[in-house]
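target_34.pdb follows; it contains PDB, C-alpha atoms (C1' of nucleotides).
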```
ATOM      1  CA  MET H  14     107.475  83.235  51.359
ATOM      2  CA  GLN H  15     106.197  86.768  51.070
ATOM      3  CA  PRO H  16     108.732  89.435  50.252
ATOM      4  CA  THR H  17     109.530  91.471  53.331
ATOM      5  CA  THR H  18     107.800  94.811  53.606
ATOM      6  CA  HIS H  19     110.452  97.325  52.749
ATOM      7  CA  ILE H  20     108.768 100.515  53.771
ATOM      8  CA  ALA H  21     107.815 100.020  57.382
ATOM      9  CA  PRO H  22     104.191 101.049  57.764
ATOM     10  CA  PRO H  23     103.660 103.559  60.550
ATOM     11  CA  ASN H  24     102.899 102.327  64.037
ATOM     12  CA  LEU H  25      99.874 104.486  64.482
ATOM     13  CA  ASP H  26      99.156 103.636  68.081
ATOM     14  CA  VAL H  27     102.627 104.719  69.118
ATOM     15  CA  ALA H  28     102.496 107.814  66.926
ATOM     16  CA  LEU H  29      99.135 108.734  68.419
ATOM     17  CA  ALA H  30     100.538 108.588  71.930
ATOM     18  CA  VAL H  31     103.593 110.619  70.976
ATOM     19  CA  LEU H  32     101.571 113.268  69.175
ATOM     20  CA  SER H  33      98.970 113.596  71.892
ATOM     21  CA  ASN H  34     101.450 116.000  73.499
ATOM     22  CA  SER H  35     101.311 119.527  72.154
ATOM     23  CA  ARG H  36     104.960 120.312  72.801
ATOM     24  CA  ARG H  37     105.974 117.373  70.667
ATOM     25  CA  ARG H  38     103.617 118.511  67.934
ATOM     26  CA  GLU H  39     105.226 121.953  68.044
ATOM     27  CA  ILE H  40     108.659 120.401  67.768
ATOM     28  CA  LEU H  41     107.524 118.361  64.809
ATOM     29  CA  GLN H  42     106.113 121.446  63.161
ATOM     30  CA  MET H  43     109.436 123.262  63.621
ATOM     31  CA  ILE H  44     111.323 120.540  61.790
ATOM     32  CA  TRP H  45     108.565 119.744  59.341
ATOM     33  CA  SER H  46     110.288 120.954  56.220
ATOM     34  CA  GLU H  47     113.754 121.860  57.397
ATOM     35  CA  GLU H  48     116.446 120.270  59.451
ATOM     36  CA  ARG H  49     117.284 121.966  62.737
ATOM     37  CA  SER H  50     119.803 121.361  65.479
ATOM     38  CA  ALA H  51     118.781 120.215  68.945
ATOM     39  CA  GLY H  52     119.906 123.520  70.428
ATOM     40  CA  ASP H  53     118.010 125.466  67.840
ATOM     41  CA  ILE H  54     114.860 123.548  68.665
ATOM     42  CA  ALA H  55     115.386 123.714  72.418
ATOM     43  CA  GLY H  56     115.977 127.462  72.220
ATOM     44  CA  ALA H  57     112.553 127.973  70.709
ATOM     45  CA  PHE H  58     110.709 126.725  73.761
ATOM     46  CA  ASP H  59     110.331 128.062  77.228
ATOM     47  CA  VAL H  60     111.493 124.905  78.963
ATOM     48  CA  SER H  61     114.909 123.556  79.794
ATOM     49  CA  TRP H  62     117.045 121.930  77.112
ATOM     50  CA  PRO H  63     116.859 118.488  78.690
ATOM     51  CA  ALA H  64     113.075 118.651  78.548
ATOM     52  CA  THR H  65     113.207 119.232  74.807
ATOM     53  CA  SER H  66     115.917 116.628  74.419
ATOM     54  CA  GLN H  67     113.670 114.070  76.097
ATOM     55  CA  ASN H  68     110.834 114.897  73.765
ATOM     56  CA  LEU H  69     113.160 114.603  70.795
ATOM     57  CA  ARG H  70     114.223 111.186  72.010
ATOM     58  CA  LEU H  71     110.595 110.069  72.149
ATOM     59  CA  LEU H  72     109.920 111.439  68.696
ATOM     60  CA  LYS H  73     112.995 109.674  67.397
ATOM     61  CA  SER H  74     112.344 106.338  69.087
ATOM     62  CA  SER H  75     108.852 106.314  67.653
ATOM     63  CA  GLY H  76     110.284 106.921  64.204
ATOM     64  CA  LEU H  77     108.544 110.247  63.710
ATOM     65  CA  VAL H  78     111.775 112.208  63.368
ATOM     66  CA  SER H  79     115.180 111.370  61.953
ATOM     67  CA  GLU H  80     118.489 112.367  63.443
ATOM     68  CA  ARG H  81     121.712 113.164  61.607
ATOM     69  CA  ARG H  82     124.954 113.930  63.400
ATOM     70  CA  VAL H  83     127.261 116.604  62.060
ATOM     71  CA  GLY H  84     130.236 117.235  64.269
ATOM     72  CA  THR H  85     129.002 117.879  67.730
ATOM     73  CA  ARG H  86     125.573 118.809  66.473
ATOM     74  CA  ARG H  87     122.524 116.684  66.010
ATOM     75  CA  LEU H  88     120.187 117.710  63.258
ATOM     76  CA  TYR H  89     116.597 116.609  63.429
ATOM     77  CA  THR H  90     113.940 116.531  60.788
ATOM     78  CA  ALA H  91     110.388 115.254  60.587
ATOM     79  CA  ASN H  92     109.930 111.834  59.076
ATOM     80  CA  ARG H  93     106.604 112.421  57.380
ATOM     81  CA  ALA H  94     106.430 108.977  55.876
ATOM     82  CA  ALA H  95     106.145 107.504  59.350
ATOM     83  CA  LEU H  96     102.986 109.473  60.021
ATOM     84  CA  GLY H  97     100.711 107.811  57.521
ATOM     85  CA  PRO H  98      97.201 109.230  57.837
ATOM     86  CA  LEU H  99      98.322 111.266  60.834
ATOM     87  CA  GLU H 100     100.080 113.670  58.500
ATOM     88  CA  LEU H 101      96.713 115.008  57.430
ATOM     89  CA  VAL H 102      95.644 115.376  61.042
ATOM     90  CA  LEU H 103      98.649 117.548  61.795
ATOM     91  CA  THR H 104      98.523 119.683  58.693
ATOM     92  CA  GLN H 105      94.846 120.286  59.263
ATOM     93  CA  MET H 106      95.476 121.343  62.850
ATOM     94  CA  TRP H 107      98.216 123.737  61.823
ATOM     95  CA  GLN H 108      96.173 125.163  59.013
ATOM     96  CA  ARG H 109      93.417 125.905  61.441
ATOM     97  CA  ASP H 110      95.846 127.551  63.833
ATOM     98  CA  LEU H 111      96.976 129.797  60.986
ATOM     99  CA  GLY H 112      93.370 130.608  60.211
ATOM    100  CA  ARG H 113      92.774 131.642  63.787
ATOM    101  CA  LEU H 114      95.838 133.869  63.773
ATOM    102  CA  LYS H 115      94.760 135.460  60.540
ATOM    103  CA  ARG H 116      91.280 136.225  61.805
ATOM    104  CA  ALA H 117      92.671 137.621  65.044
ATOM    105  CA  ALA H 118      94.970 139.927  63.082
ATOM    106  CA  GLU H 119      92.052 141.118  60.974
ATOM    107  CA  ARG H 120      89.970 141.845  64.051
ATOM    108  CA  GLU H 121      92.934 143.725  65.483
ATOM    109  CA  ALA H 122      93.316 145.764  62.302
ATOM    110  CA  ARG H 123      89.618 146.635  62.154
ATOM    111  CA  GLY H 124      89.666 147.692  65.794
ATOM    112  CA  ARG H 125      92.594 149.992  65.170
ATOM    113  CA  ARG H 126      91.026 151.573  62.134
ATOM    114  CA  ARG H 127      87.804 152.215  64.000
ATOM    115  CA  THR H 128      89.524 153.910  66.918
ATOM    116  CA  ARG H 129      91.801 155.999  64.667
ATOM    117  CA  VAL H 130      95.084 155.381  66.424
TER     118      VAL H 130
ATOM    119  CA  MET E   8      78.977 139.436  59.659
ATOM    120  CA  GLN E   9      80.097 136.020  58.534
ATOM    121  CA  PRO E  10      77.514 133.251  58.775
ATOM    122  CA  THR E  11      78.294 130.997  61.717
ATOM    123  CA  THR E  12      79.927 127.687  60.926
ATOM    124  CA  HIS E  13      77.139 125.204  61.290
ATOM    125  CA  ILE E  14      79.070 121.972  61.312
ATOM    126  CA  ALA E  15      81.531 122.345  64.140
ATOM    127  CA  PRO E  16      84.918 121.293  62.835
ATOM    128  CA  PRO E  17      86.602 118.667  64.998
ATOM    129  CA  ASN E  18      88.896 119.749  67.786
ATOM    130  CA  LEU E  19      91.768 117.601  66.729
ATOM    131  CA  ASP E  20      94.087 118.327  69.624
ATOM    132  CA  VAL E  21      91.466 117.214  72.107
ATOM    133  CA  ALA E  22      90.552 114.191  70.022
ATOM    134  CA  LEU E  23      94.206 113.237  69.755
ATOM    135  CA  ALA E  24      94.577 113.272  73.532
ATOM    136  CA  VAL E  25      91.401 111.260  74.028
ATOM    137  CA  LEU E  26      92.348 108.668  71.435
ATOM    138  CA  SER E  27      95.893 108.259  72.654
ATOM    139  CA  ASN E  28      94.422 105.797  75.140
ATOM    140  CA  SER E  29      93.907 102.302  73.755
ATOM    141  CA  ARG E  30      90.961 101.470  75.967
ATOM    142  CA  ARG E  31      89.086 104.470  74.637
ATOM    143  CA  ARG E  32      89.930 103.440  71.088
ATOM    144  CA  GLU E  33      88.506  99.992  71.810
ATOM    145  CA  ILE E  34      85.350 101.531  73.188
ATOM    146  CA  LEU E  35      85.017 103.680  70.108
ATOM    147  CA  GLN E  36      85.491 100.655  67.896
ATOM    148  CA  MET E  37      82.731  98.809  69.758
ATOM    149  CA  ILE E  38      80.244 101.586  69.092
ATOM    150  CA  TRP E  39      81.573 102.469  65.674
ATOM    151  CA  SER E  40      78.595 101.326  63.662
ATOM    152  CA  GLU E  41      76.047 100.354  66.273
ATOM    153  CA  GLU E  42      74.626 101.878  69.371
ATOM    154  CA  ARG E  43      75.360 100.072  72.625
ATOM    155  CA  SER E  44      74.377 100.553  76.239
ATOM    156  CA  ALA E  45      76.878 101.602  78.887
ATOM    157  CA  GLY E  46      76.548  98.246  80.622
ATOM    158  CA  ASP E  47      77.031  96.378  77.393
ATOM    159  CA  ILE E  48      80.216  98.295  76.748
ATOM    160  CA  ALA E  49      81.467  98.002  80.303
ATOM    161  CA  GLY E  50      80.825  94.269  80.288
ATOM    162  CA  ALA E  51      83.158  93.814  77.356
ATOM    163  CA  PHE E  52      86.208  94.974  79.258
ATOM    164  CA  ASP E  53      88.123  93.523  82.131
ATOM    165  CA  VAL E  54      87.921  96.633  84.281
ATOM    166  CA  SER E  55      85.281  97.949  86.636
ATOM    167  CA  TRP E  56      82.192  99.657  85.275
ATOM    168  CA  PRO E  57      83.108 103.036  86.696
ATOM    169  CA  ALA E  58      86.396 102.907  84.821
ATOM    170  CA  THR E  59      84.539 102.444  81.555
ATOM    171  CA  SER E  60      81.973 105.034  82.539
ATOM    172  CA  GLN E  61      84.738 107.548  83.080
ATOM    173  CA  ASN E  62      86.201 106.833  79.682
ATOM    174  CA  LEU E  63      82.769 107.210  78.117
ATOM    175  CA  ARG E  64      82.421 110.553  79.805
ATOM    176  CA  LEU E  65      85.710 111.702  78.307
ATOM    177  CA  LEU E  66      84.713 110.450  74.883
ATOM    178  CA  LYS E  67      81.414 112.240  75.186
ATOM    179  CA  SER E  68      82.799 115.513  76.501
ATOM    180  CA  SER E  69      85.251 115.615  73.615
ATOM    181  CA  GLY E  70      82.368 115.102  71.197
ATOM    182  CA  LEU E  71      83.663 111.812  69.850
ATOM    183  CA  VAL E  72      80.615 109.861  70.963
ATOM    184  CA  SER E  73      76.945 110.686  71.296
ATOM    185  CA  GLU E  74      74.659 109.625  74.083
ATOM    186  CA  ARG E  75      70.967 108.856  73.904
ATOM    187  CA  ARG E  76      68.881 108.001  76.965
ATOM    188  CA  VAL E  77      66.199 105.361  76.776
ATOM    189  CA  GLY E  78      64.545 104.687  80.089
ATOM    190  CA  THR E  79      67.251 103.895  82.570
ATOM    191  CA  ARG E  80      69.724 103.041  79.841
ATOM    192  CA  ARG E  81      72.224 105.196  78.095
ATOM    193  CA  LEU E  82      73.048 104.270  74.556
ATOM    194  CA  TYR E  83      76.326 105.398  73.087
ATOM    195  CA  THR E  84      77.491 105.587  69.531
ATOM    196  CA  ALA E  85      80.566 106.904  67.764
ATOM    197  CA  ASN E  86      80.308 110.364  66.308
ATOM    198  CA  ARG E  87      82.469 109.870  63.259
ATOM    199  CA  ALA E  88      81.952 113.362  61.948
ATOM    200  CA  ALA E  89      83.829 114.722  64.946
ATOM    201  CA  LEU E  90      86.921 112.763  64.037
ATOM    202  CA  GLY E  91      87.773 114.523  60.820
ATOM    203  CA  PRO E  92      91.019 113.108  59.429
ATOM    204  CA  LEU E  93      91.396 110.968  62.540
ATOM    205  CA  GLU E  94      88.741 108.643  61.210
ATOM    206  CA  LEU E  95      91.220 107.347  58.667
ATOM    207  CA  VAL E  96      93.847 106.867  61.356
ATOM    208  CA  LEU E  97      91.516 104.670  63.366
ATOM    209  CA  THR E  98      90.160 102.609  60.498
ATOM    210  CA  GLN E  99      93.671 102.029  59.267
ATOM    211  CA  MET E 100      94.796 100.860  62.709
ATOM    212  CA  TRP E 101      91.876  98.490  63.016
ATOM    213  CA  GLN E 102      92.352  97.166  59.539
ATOM    214  CA  ARG E 103      95.928  96.354  60.389
ATOM    215  CA  ASP E 104      94.860  94.622  63.591
ATOM    216  CA  LEU E 105      92.535  92.447  61.540
ATOM    217  CA  GLY E 106      95.349  91.673  59.142
ATOM    218  CA  ARG E 107      97.540  90.561  62.002
ATOM    219  CA  LEU E 108      94.836  88.295  63.363
ATOM    220  CA  LYS E 109      94.278  86.775  59.958
ATOM    221  CA  ARG E 110      97.961  86.035  59.429
ATOM    222  CA  ALA E 111      98.246  84.556  62.905
ATOM    223  CA  ALA E 112      95.295  82.247  62.172
ATOM    224  CA  GLU E 113      96.888  81.146  58.927
ATOM    225  CA  ARG E 114     100.171  80.364  60.638
ATOM    226  CA  GLU E 115      98.251  78.403  63.232
ATOM    227  CA  ALA E 116      96.431  76.423  60.541
ATOM    228  CA  ARG E 117      99.641  75.632  58.672
ATOM    229  CA  GLY E 118     101.337  74.490  61.866
ATOM    230  CA  ARG E 119      98.488  72.139  62.663
ATOM    231  CA  ARG E 120      98.479  70.624  59.206
ATOM    232  CA  ARG E 121     102.209  70.026  59.311
ATOM    233  CA  THR E 122     102.158  68.290  62.673
ATOM    234  CA  ARG E 123      99.117  66.164  61.754
ATOM    235  CA  VAL E 124      97.089  66.650  64.886
TER     236      VAL E 124
ATOM    237  C1'  DG S  24      56.434 104.899  98.782
ATOM    238  C1'  DG S  25      59.762 101.063  98.438
ATOM    239  C1'  DC S  26      62.423  97.796  95.533
ATOM    240  C1'  DT S  27      65.229  96.776  91.593
ATOM    241  C1'  DT S  28      68.113  97.714  87.711
ATOM    242  C1'  DA S  29      71.297 100.832  85.070
ATOM    243  C1'  DA S  30      74.693 103.850  85.352
ATOM    244  C1'  DT S  31      77.230 107.623  87.355
ATOM    245  C1'  DT S  32      79.799 110.417  90.732
ATOM    246  C1'  DA S  33      83.097 110.705  94.658
ATOM    247  C1'  DA S  34      87.258 109.760  96.985
ATOM    248  C1'  DG S  35      91.489 107.615  97.248
ATOM    249  C1'  DA S  36      95.656 104.887  95.616
ATOM    250  C1'  DG S  37      99.272 103.500  92.281
ATOM    251  C1'  DT S  38     101.656 104.629  88.184
ATOM    252  C1'  DA S  39     103.303 107.219  84.403
ATOM    253  C1'  DA S  40     104.411 111.727  82.140
ATOM    254  C1'  DG S  41     106.891 115.880  81.891
ATOM    255  C1'  DC S  42     109.690 119.063  84.021
ATOM    256  C1'  DT S  43     113.961 120.609  86.773
ATOM    257  C1'  DT S  44     118.953 120.724  88.112
ATOM    258  C1'  DA S  45     123.347 118.467  88.114
ATOM    259  C1'  DA S  46     126.463 115.418  86.027
ATOM    260  C1'  DA S  47     128.191 112.982  82.003
ATOM    261  C1'  DT S  48     129.237 112.147  77.070
ATOM    262  C1'  DA S  49     131.096 113.272  72.580
ATOM    263  C1'  DG S  50     133.220 115.970  69.049
ATOM    264  C1'  DT S  51     136.527 119.906  67.698
ATOM    265  C1'  DG S  52     140.580 122.690  67.997
ATOM    266  C1'  DC S  53     144.744 124.056  70.366
TER     267       DC S  53
ATOM    268  C1'  DG L  13     145.868 115.885  76.780
ATOM    269  C1'  DC L  14     142.981 120.078  77.886
ATOM    270  C1'  DA L  15     139.457 123.315  77.113
ATOM    271  C1'  DC L  16     135.215 124.411  74.885
ATOM    272  C1'  DT L  17     130.770 123.701  72.823
ATOM    273  C1'  DA L  18     126.605 120.881  71.901
ATOM    274  C1'  DT L  19     123.709 117.755  73.686
ATOM    275  C1'  DT L  20     122.211 113.963  76.427
ATOM    276  C1'  DT L  21     121.594 111.063  80.622
ATOM    277  C1'  DA L  22     120.468 110.610  85.595
ATOM    278  C1'  DA L  23     117.811 111.476  89.611
ATOM    279  C1'  DG L  24     114.209 113.517  91.870
ATOM    280  C1'  DC L  25     109.812 116.065  92.130
ATOM    281  C1'  DT L  26     105.048 117.333  90.903
ATOM    282  C1'  DT L  27     101.106 116.718  88.455
ATOM    283  C1'  DA L  28      97.930 114.199  85.690
ATOM    284  C1'  DC L  29      95.936 109.712  84.402
ATOM    285  C1'  DT L  30      93.600 105.426  85.228
ATOM    286  C1'  DC L  31      92.032 102.362  88.100
ATOM    287  C1'  DT L  32      89.462 100.745  92.502
ATOM    288  C1'  DT L  33      85.565 100.556  95.986
ATOM    289  C1'  DA L  34      81.719 102.855  98.096
ATOM    290  C1'  DA L  35      77.993 105.903  97.750
ATOM    291  C1'  DT L  36      74.551 108.264  94.833
ATOM    292  C1'  DT L  37      71.270 109.354  91.180
ATOM    293  C1'  DA L  38      67.532 108.174  88.102
ATOM    294  C1'  DA L  39      63.899 105.382  85.888
ATOM    295  C1'  DG L  40      60.564 101.612  85.951
ATOM    296  C1'  DC L  41      57.477  98.524  88.447
ATOM    297  C1'  DC L  42      54.794  96.542  92.229
TER     298       DC L  42
END
```

Would you write the structure of this file as structure tokens?
Amino acid sequence: MQPTTHIAPPNLDVALAVLSNSRRREILQMIWSEERSAGDIAGAFDVSWPATSQNLRLLKSSGLVSERRVGTRRLYTANRAALGPLELVLTQMWQRDLGRLKRAAEREARGRRRTRV
Amino acid sequence: MQPTTHIAPPNLDVALAVLSNSRRREILQMIWSEERSAGDIAGAFDVSWPATSQNLRLLKSSGLVSERRVGTRRLYTANRAALGPLELVLTQMWQRDLGRLKRAAEREARGRRRTRV
DNA sequence: GGCTTAATTAAGAGTAAGCTTAAATAGTGC
DNA sequence: GCACTATTTAAGCTTACTCTTAATTAAGCC
């Protein structure tokens, strides 16, 4: 008998479906490298708390985030290992977003200089 | 002025949404390394032709597949360059599917041997 | 032009996704 | 136990997705 696989390989089809939603990607980005409470996460978005809670549940059930309970709080954090090759997809998307922001800021700065505000 | 980017980088958020659908992933797999006609593709699935045509349109509009017209036919093929890091996600999924099939076949073979059919 | 084949577009129906508000759960401290 | 805070579950609504059938476009051939 084969030894059981100990590190569950990511279920990419499920992960793909979960991450096809931009709100869930934003949530994942928020808790990418630091744990945050449900309320903290929910407060960052312009939708109701239950809406965020439902997205967190999806992320959790798909294994993409981990939950830890401390008192009445629930702390969530990204489970990068479960992303497999999707990790690169996300980081590349976010990097590009940063690039866009940076270029926009530079355009802004140049415009201001030119008009001597 | 910066030189324009000549190779359009993939729009990963769009691609993610398009590929979150399993039928579209199957279509992409079919035309991964060979061109196929719309009818050929449609015939491979148990849904109506228009349904497949609509999925092809989505795949095309997102840049994930290319279309070439020959007479009254339309030949489609995967545009791997547009996938960026998603290419690895897909190939890894498909590889795992193959692995599952293989293991299932082996189990089947063992079962048959044991029961002496 | 008229006929045939290949494929798409249009319109409509059923289902699923994501949000909202209201109610419920669970932990902490008095 | 009661009140308080943090968060989720439940129920309903709206919108978006995917499919269906019917009609349309476009190319090739007689």

Atom pair atom CA of Ala91 of chain H / atom CA of Gln42 of chain H: separation (Å):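 Computing it gives 8.0 Å between the two atoms.
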
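Here atom CA of Pro17 of chain E stands at a distance of 8.9 Å from atom CA of Leu71 of chain E.
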
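If you look at atom CA of Ser35 of chain H and atom CA of Leu23 of chain E, they are 9.8 Å away from each other.
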
Size and centre in Å, one decimal, axis-aligned box, all listed segment 32-38 of chain L atoms plus 6 Å per side, as JSON:
```
{"center_x": 78.5, "center_y": 105.0, "center_z": 93.1, "size_x": 33.9, "size_y": 20.8, "size_z": 22.0}
```

Nearest candidate to chain S (options E:Arg81, E:Arg110, E:Arg87, E:Arg103; using all atoms listed in the file): E:Arg81

At most 10 Å to chain E: residues in chain S, all atoms listed in the file, as a list in words: DT28, DA29, DA30, DT31 and DT32 of chain S

Chain L contacts to chain E at 9 Å (all atoms listed in the file) as number ranges by chain: L: 30-32, 38-40

Selection under test: the PyMOL selection byres ((chain E) within 12 of (chain H)); residues as a ChimeraX atom specification: /E:9,16-30,32-33,90-104,110

Within 12 Å of DC42 of chain L using all atoms listed in the file, minus same-chain residues under 4 positions, as a PyMOL selection string: chain S and resi 24-27

Neighbours of point (128.4, 113.5, 78.5) within 10 Å, using all atoms listed in the file, written as a PDB file with C-alpha atoms (C1' of nucleotides), in the frame of the given file:
```pdb
ATOM      1  C1'  DA S  46     126.463 115.418  86.027  1.00  0.00           C
ATOM      2  C1'  DA S  47     128.191 112.982  82.003  1.00  0.00           C
ATOM      3  C1'  DT S  48     129.237 112.147  77.070  1.00  0.00           C
ATOM      4  C1'  DA S  49     131.096 113.272  72.580  1.00  0.00           C
TER       5       DA S  49
ATOM      6  C1'  DT L  19     123.709 117.755  73.686  1.00  0.00           C
ATOM      7  C1'  DT L  20     122.211 113.963  76.427  1.00  0.00           C
ATOM      8  C1'  DT L  21     121.594 111.063  80.622  1.00  0.00           C
TER       9       DT L  21
END
```

Would you pick out the contacts of Glu41 of chain E at 12 Å or less, using all atoms listed in the file, so that residues sharing its chain but fewer than 2 positions from it are not included, and give the list as a PDB file with C-alpha atoms, in the frame of the given file?
```pdb
ATOM      1  CA  ILE E  34      85.350 101.531  73.188  1.00  0.00           C
ATOM      2  CA  LEU E  35      85.017 103.680  70.108  1.00  0.00           C
ATOM      3  CA  GLN E  36      85.491 100.655  67.896  1.00  0.00           C
ATOM      4  CA  MET E  37      82.731  98.809  69.758  1.00  0.00           C
ATOM      5  CA  ILE E  38      80.244 101.586  69.092  1.00  0.00           C
ATOM      6  CA  TRP E  39      81.573 102.469  65.674  1.00  0.00           C
ATOM      7  CA  ARG E  43      75.360 100.072  72.625  1.00  0.00           C
ATOM      8  CA  SER E  44      74.377 100.553  76.239  1.00  0.00           C
ATOM      9  CA  ASP E  47      77.031  96.378  77.393  1.00  0.00           C
ATOM     10  CA  ILE E  48      80.216  98.295  76.748  1.00  0.00           C
ATOM     11  CA  VAL E  72      80.615 109.861  70.963  1.00  0.00           C
ATOM     12  CA  SER E  73      76.945 110.686  71.296  1.00  0.00           C
ATOM     13  CA  LEU E  82      73.048 104.270  74.556  1.00  0.00           C
ATOM     14  CA  TYR E  83      76.326 105.398  73.087  1.00  0.00           C
ATOM     15  CA  THR E  84      77.491 105.587  69.531  1.00  0.00           C
ATOM     16  CA  ALA E  85      80.566 106.904  67.764  1.00  0.00           C
ATOM     17  CA  ASN E  86      80.308 110.364  66.308  1.00  0.00           C
ATOM     18  CA  ARG E  87      82.469 109.870  63.259  1.00  0.00           C
TER      19      ARG E  87
END
```

Local residues around (103.5, 113.0, 85.4), at most 10 Å away, using all atoms listed in the file, as number ranges by chain: S: 38-42; L: 25-29

Using N, CA and C atoms (P, O5', C5', C4', C3', O3' and C1' of nucleotides), give me segment 36-49 of chain S from the structure I just pasted, as a short mmCIF file (atom, residue, chain, number, x, y, z; two decimals), in the first residue's frame.
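result.cif, written as the output of this step:
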```
data_model
loop_
_atom_site.label_atom_id
_atom_site.label_comp_id
_atom_site.auth_asym_id
_atom_site.auth_seq_id
_atom_site.Cartn_x
_atom_site.Cartn_y
_atom_site.Cartn_z
P DA S 36 -40.00 32.73 -20.77
"O5'" DA S 36 -39.22 31.54 -20.05
"C5'" DA S 36 -39.06 30.29 -20.73
"C4'" DA S 36 -38.19 29.39 -19.90
"C3'" DA S 36 -38.49 29.46 -18.40
"O3'" DA S 36 -38.48 28.17 -17.84
"C1'" DA S 36 -36.23 30.03 -18.80
P DG S 37 -38.80 27.94 -16.29
"O5'" DG S 37 -37.39 27.47 -15.73
"C5'" DG S 37 -36.73 26.37 -16.35
"C4'" DG S 37 -35.41 26.12 -15.64
"C3'" DG S 37 -35.53 26.05 -14.11
"O3'" DG S 37 -34.67 24.99 -13.67
"C1'" DG S 37 -34.08 27.83 -14.71
P DT S 38 -34.48 24.69 -12.10
"O5'" DT S 38 -33.09 25.41 -11.81
"C5'" DT S 38 -31.97 25.11 -12.66
"C4'" DT S 38 -30.75 25.85 -12.16
"C3'" DT S 38 -30.56 25.81 -10.63
"O3'" DT S 38 -29.20 25.49 -10.41
"C1'" DT S 38 -30.52 28.05 -11.40
P DA S 39 -28.64 25.11 -8.98
"O5'" DA S 39 -27.56 26.26 -8.80
"C5'" DA S 39 -26.67 26.54 -9.90
"C4'" DA S 39 -25.96 27.83 -9.64
"C3'" DA S 39 -25.42 27.98 -8.23
"O3'" DA S 39 -24.12 28.53 -8.35
"C1'" DA S 39 -26.84 29.80 -8.72
P DA S 40 -23.20 28.77 -7.10
"O5'" DA S 40 -23.12 30.36 -7.06
"C5'" DA S 40 -22.76 31.04 -8.26
"C4'" DA S 40 -22.67 32.52 -8.00
"C3'" DA S 40 -21.98 32.88 -6.69
"O3'" DA S 40 -21.17 34.02 -6.93
"C1'" DA S 40 -24.19 33.74 -6.70
P DG S 41 -20.18 34.58 -5.82
"O5'" DG S 41 -21.02 35.78 -5.22
"C5'" DG S 41 -21.20 36.95 -6.01
"C4'" DG S 41 -22.05 37.93 -5.25
"C3'" DG S 41 -21.56 38.19 -3.82
"O3'" DG S 41 -21.40 39.60 -3.63
"C1'" DG S 41 -23.85 37.62 -3.81
P DC S 42 -20.91 40.20 -2.27
"O5'" DC S 42 -22.24 40.92 -1.71
"C5'" DC S 42 -22.82 41.99 -2.45
"C4'" DC S 42 -24.24 42.21 -2.01
"C3'" DC S 42 -24.36 42.55 -0.53
"O3'" DC S 42 -24.56 43.94 -0.33
"C1'" DC S 42 -26.02 40.95 -1.23
P DT S 43 -24.63 44.49 1.20
"O5'" DT S 43 -26.17 44.27 1.61
"C5'" DT S 43 -27.19 44.90 0.83
"C4'" DT S 43 -28.55 44.64 1.46
"C3'" DT S 43 -28.55 44.91 2.95
"O3'" DT S 43 -29.42 45.96 3.32
"C1'" DT S 43 -29.39 42.70 2.49
P DT S 44 -29.31 46.51 4.86
"O5'" DT S 44 -30.40 45.64 5.63
"C5'" DT S 44 -31.77 45.69 5.22
"C4'" DT S 44 -32.60 44.71 6.03
"C3'" DT S 44 -32.55 44.94 7.54
"O3'" DT S 44 -33.85 44.76 8.08
"C1'" DT S 44 -31.80 42.74 7.06
P DA S 45 -34.15 45.03 9.63
"O5'" DA S 45 -34.27 43.54 10.19
"C5'" DA S 45 -35.13 42.62 9.53
"C4'" DA S 45 -35.10 41.30 10.26
"C3'" DA S 45 -35.10 41.42 11.78
"O3'" DA S 45 -35.91 40.36 12.32
"C1'" DA S 45 -33.18 40.25 11.10
P DA S 46 -36.10 40.18 13.92
"O5'" DA S 46 -35.30 38.82 14.19
"C5'" DA S 46 -35.64 37.66 13.41
"C4'" DA S 46 -34.65 36.56 13.72
"C3'" DA S 46 -34.50 36.25 15.21
"O3'" DA S 46 -34.52 34.85 15.38
"C1'" DA S 46 -32.39 36.69 14.26
P DA S 47 -34.42 34.19 16.86
"O5'" DA S 47 -32.95 33.58 16.82
"C5'" DA S 47 -32.65 32.60 15.81
"C4'" DA S 47 -31.19 32.23 15.90
"C3'" DA S 47 -30.74 31.72 17.28
"O3'" DA S 47 -30.03 30.52 17.09
"C1'" DA S 47 -29.32 33.46 16.56
P DT S 48 -29.74 29.55 18.35
"O5'" DT S 48 -28.16 29.64 18.53
"C5'" DT S 48 -27.31 29.23 17.46
"C4'" DT S 48 -25.93 29.80 17.68
"C3'" DT S 48 -25.26 29.36 18.98
"O3'" DT S 48 -24.13 28.59 18.62
"C1'" DT S 48 -24.96 31.68 18.55
P DA S 49 -23.40 27.62 19.65
"O5'" DA S 49 -22.22 28.54 20.19
"C5'" DA S 49 -21.37 29.17 19.25
"C4'" DA S 49 -20.43 30.11 19.98
"C3'" DA S 49 -20.09 29.67 21.40
"O3'" DA S 49 -18.72 29.94 21.61
"C1'" DA S 49 -20.90 31.85 21.44
#
```
